[in-house]
Amino acid sequence: MFSILADKIGEYKKETILTPLFMVGEVALECIIPTVMAMLIDEMTGESLAPVIKYGSILLVLAMLSLICGANSARYGAKASTGFAKNLRRDLFYKVQDFSFEDIDYFSSSSLVTRMTNDVSQIQMAFQMLIRMAVRTPLMLIFSVIMALRINGEMAAIFFGIIPFLGVGLYLIFRISHPIFRRIFKKYDALNNSVQENVAGIRVVKSFVRENYEIEKFNKASEEVRSDFTQAEKILALNNPIQLFCIKLAKELICYLGALMIINSAATRLTTGQLSSLISYGVQILTAMMMFSMVFIQLAFSAEAATRICEVLTHEPKLVSPENGLKEVKDGSIVFDHVTFRYDPHSKRRALADINLDIKSGQTIGILGATGSAKTTLINMISRLYDVSEGAVYVGGEDVRNYDLKVLRDAVAVVLQKNVLFSGTIKENLRWGNKEATDEEIIEACKLAQASEFIEQFPDKYDTMLTQGGTNVSGGQKQRLCIARALLKKPKVLILDDSTSAVDTKTDALIRKGFKQFIPETTKIIIAQRVASIEESDQIIVMDSGKIVEHGDHEQLMKLNGIYKEIYDSQTKGKEED
């Protein structure tokens with residue numbers, strides 16, 4: 001885990017090294033100051049200001065140098081930790097981009113968001129503590145102990161008696177609190193999931209007047225986080241009283257025993273100045289222990305965050321491009337050869353069961369079926385969003401597993417049922433399909449998708465700004481923009497997953513007519529609920545429970561008197577009566 005995280009320091013190695021170096025300078029100077037103070041106290045006789053001027057000047061220089069070292073350590077530490085967090089967040093984001101749908105399902109999107117935000121912030125704080133406080137604390141402890149021993153070994157023994165007591169208390173606090181931290185991170189995921197679902201589905205929430213239900217669900221998740229944090233904080237709160245008790249006890253013992261030693265030895269074994277410096281070193285030693293406990297607790301809290309981050313960074317994506325994968329898709333022909341698929345490899349339930357299908361390049365294929373019949377699952381196999389459990393899928397005459405993933409997915413354009421647009425202009429959104437697309441190509445694609453008419457009515461036309469998610473255009477307009485975006489890829493296979501459901505029948509017909517006239521060589525697969533959208537297809541597939549139950553063109557399926565004819569009759573009965 002440490003080697004994985006250390007690799008993310010990257011270009012901030014210089015700052016990471018300079019931070020503890022300046023911290024060493026600060027600690028060394030701070031440990032010299034009490035000794036100089038002792039010299040000043042011992043030489044102050046009241047007869048001359050010379051010792052005050054001499055040692056005061058030395059103290060002033062030492063304090064200024066310590067301040068400079070401390071300021072530089074803080075500056076470089078901040079730069080190193082924020083840079084480290086930037087690299088860590090970047091690599092997490094890049095890693096997630098390579099994840100398949102199966103990998104996203106494994107972690108859950110809400111958990112991945114939490115890991116890239118909250119968990120990275122925890123690691124950033126821990127890293128800054130590690131290169132500053134974790135260096136300062138042991139150095140301060142070691143230097144102060146050495147200086148205290150040099151002054152008087154008997155008095156320094158007081159510190160050695162208290163340190164083990166502090167160590168045992170710190171260990172017990174860690175052992176009890178660490179499992180609670182682990183629970184907290186999992187509940188953060190649940191809390192984030194609740195917020196994400198609510199924000200994404202806010203229109204549904206308001207339309208069904210379910211605000212109170214969502215508030216209760218959020219409050220429950222939030223309360224669980226609060227409860228665990230409170231429990232952890234109660235345990236961690238014991239740390240400060242223990243530390244302060246030890247500091248006060250050490251100071252009292254040093255003052256009392258030191259005074260006795262000065263009086264009994266007539267200041268031959270211990271001077272007043274040395275007693276003063278011993279008190280300072282005692283405070284430094286015990287403060288260092290207190291700081292060490294804070295660092296230890298922060299590292300303990302961050303250990304779970306580091307584990308969760310490394311889980312993502314070390315996770316091997318289920319789908320990867322083969323070495324020397326094919327770089328060209330010959331055409332849009334598609335073959336399903338005894339394809340079976342399970343979302344869970346260990347489950348007996350099959351999402352797709354023994355699918356056999358032969359689609360010629362340039363054909364139009366219609367897919368019909370009830371909700372849950374695995375229509376979307378079927379088309380996910382084509383662009384290799386999932387890998388088949390059994391059998392094989394061929395595109396352009398080659399097994400999809402032999403293609404470079406980018407090449408395959410560039411050749412297969414999918415307009416999903418849930419259309420997504422991003423904040424930016426219409427033109428910027430359309431260029432997601434092809435970043436090099438010219439204005440002429442954009443206009444042509446929009447005409448084909450029947451989107452140019454409403455775009456031209458906007459004051460800024462193709463430079464019209466879209467809000468996040470495209471909420472300032474209608475559902476039908478959004479669908480047509482997404483179709484245009486897919487067309488700009490100039491794909492070998494175009495898949496429309498119920499992506500004309502919000503479009504009126506006339507516009508739907510015009511879109512299909514445009515496809516037939518202007519992209520005849522592109523294989524077109526249309527998933528639809530309206531029979532009218534697919535009845536002119538070369539092949540129509542009717543699915544039920546992950547199986548192809550009917551297959552043929554419109555005339556053939558009508559003669560079967562099966563599911564297709566039943567759906568067709570139910571949808572056209574009203575029109576005939578009119």
# chains A, B, ... in the order shown; residues from 1 in each chain; ligands from 1
$ select_by_dssp --residues "range 305-521 of chain A" --states "strand (DSSP E or B)" --output "MDAnalysis selection string"
chainID A and resid 326 334:341 352:359 364:369 390:395 398:399 403 412:415 424:425 465:466 493:497
$ atom_distance --atom1 "CA of Ala451 in chain A" --atom2 "CA of Met465 in chain A"
15.5 Å
$ residues_around --residues "Cys482 in chain A" --least-positions-apart "6" --cutoff "8 Å" --atoms "only C-alpha atoms" --output "count of residues only"
5
$ closest_residue --among "A:Leu18, A:Leu141, A:Ile162, A:Ile184" --to "Ala71 in chain A" --atoms "only C-alpha atoms"
A:Leu18
$ closest_residue --among "A:Glu30, A:Asp42, A:Glu11, A:Asp410" --to "Arg384 in chain A" --atoms "only C-alpha atoms"
A:Asp410
$ residues_around --residues "Asn472 in chain A" --least-positions-apart "5" --cutoff "12 Å" --atoms "only C-alpha atoms" --output "list of chain:residue names"
A:Leu421, A:Phe422, A:Ser423, A:Gly424, A:Thr425, A:Ile426, A:Phe458, A:Thr464, A:Met465, A:Leu466, A:Thr467, A:Gln477, A:Lys478
$ residues_around --residues "Gly282 in chain A" --least-positions-apart "4" --cutoff "10 Å" --atoms "only C-alpha atoms" --output "PyMOL selection string"
chain A and resi 141+144-145+148+155-156+158-159+247-248+250-251+254+276-278+286-288
$ closest_residue --among "A:Val312, A:Gln274, A:Ser280, A:Thr16" --to "Ile4 in chain A" --atoms "only C-alpha atoms"
A:Val312
$ atom_distance --atom1 "CA of Met39 in chain A" --atom2 "CA of Cys69 in chain A"
24.1 Å
$ residues_around --residues "Ile163 in chain A" --least-positions-apart "2" --cutoff "9 Å" --atoms "only C-alpha atoms" --output "JSON list (two decimals) with C-alpha atoms, in the first residue's frame"
[["chain", "number", "residue", "atom", "x", "y", "z"],
["A", 158, "ILE", "CA", 11.05, 11.12, 35.28],
["A", 159, "PHE", "CA", 10.23, 11.35, 31.60],
["A", 160, "PHE", "CA", 11.18, 7.71, 30.99],
["A", 161, "GLY", "CA", 8.72, 6.67, 33.67],
["A", 165, "PHE", "CA", 2.17, 5.06, 30.40],
["A", 166, "LEU", "CA", 1.37, 7.38, 27.49],
["A", 167, "GLY", "CA", 2.24, 4.67, 24.96],
["A", 168, "VAL", "CA", -0.12, 2.12, 26.52],
["A", 246, "CYS", "CA", 1.14, 13.52, 32.20],
["A", 285, "ILE", "CA", 9.00, 15.81, 25.35],
["A", 286, "LEU", "CA", 5.44, 15.41, 26.53],
["A", 289, "MET", "CA", 4.10, 12.67, 22.71]]
$ closest_residue --among "A:Glu555, A:Glu323, A:Glu550, A:Glu15" --to "Gln128 in chain A" --atoms "only C-alpha atoms"
A:Glu15
$ residues_around --residues "Asp103 in chain A" --least-positions-apart "4" --cutoff "9 Å" --atoms "only C-alpha atoms" --output "number ranges by chain"
A: 96, 99, 107-108, 315-319
$ closest_residue --among "A:Ile279, A:Ala528, A:Leu249, A:Ala221" --to "Ala38 in chain A" --atoms "only C-alpha atoms"
A:Ile279
$ select_by_dssp --residues "range 255-448 of chain A" --states "helix (DSSP H, G or I)" --output "ChimeraX atom specification"
/A:255-265,272-314,375-380,400-402,405-411,426-430,439-448
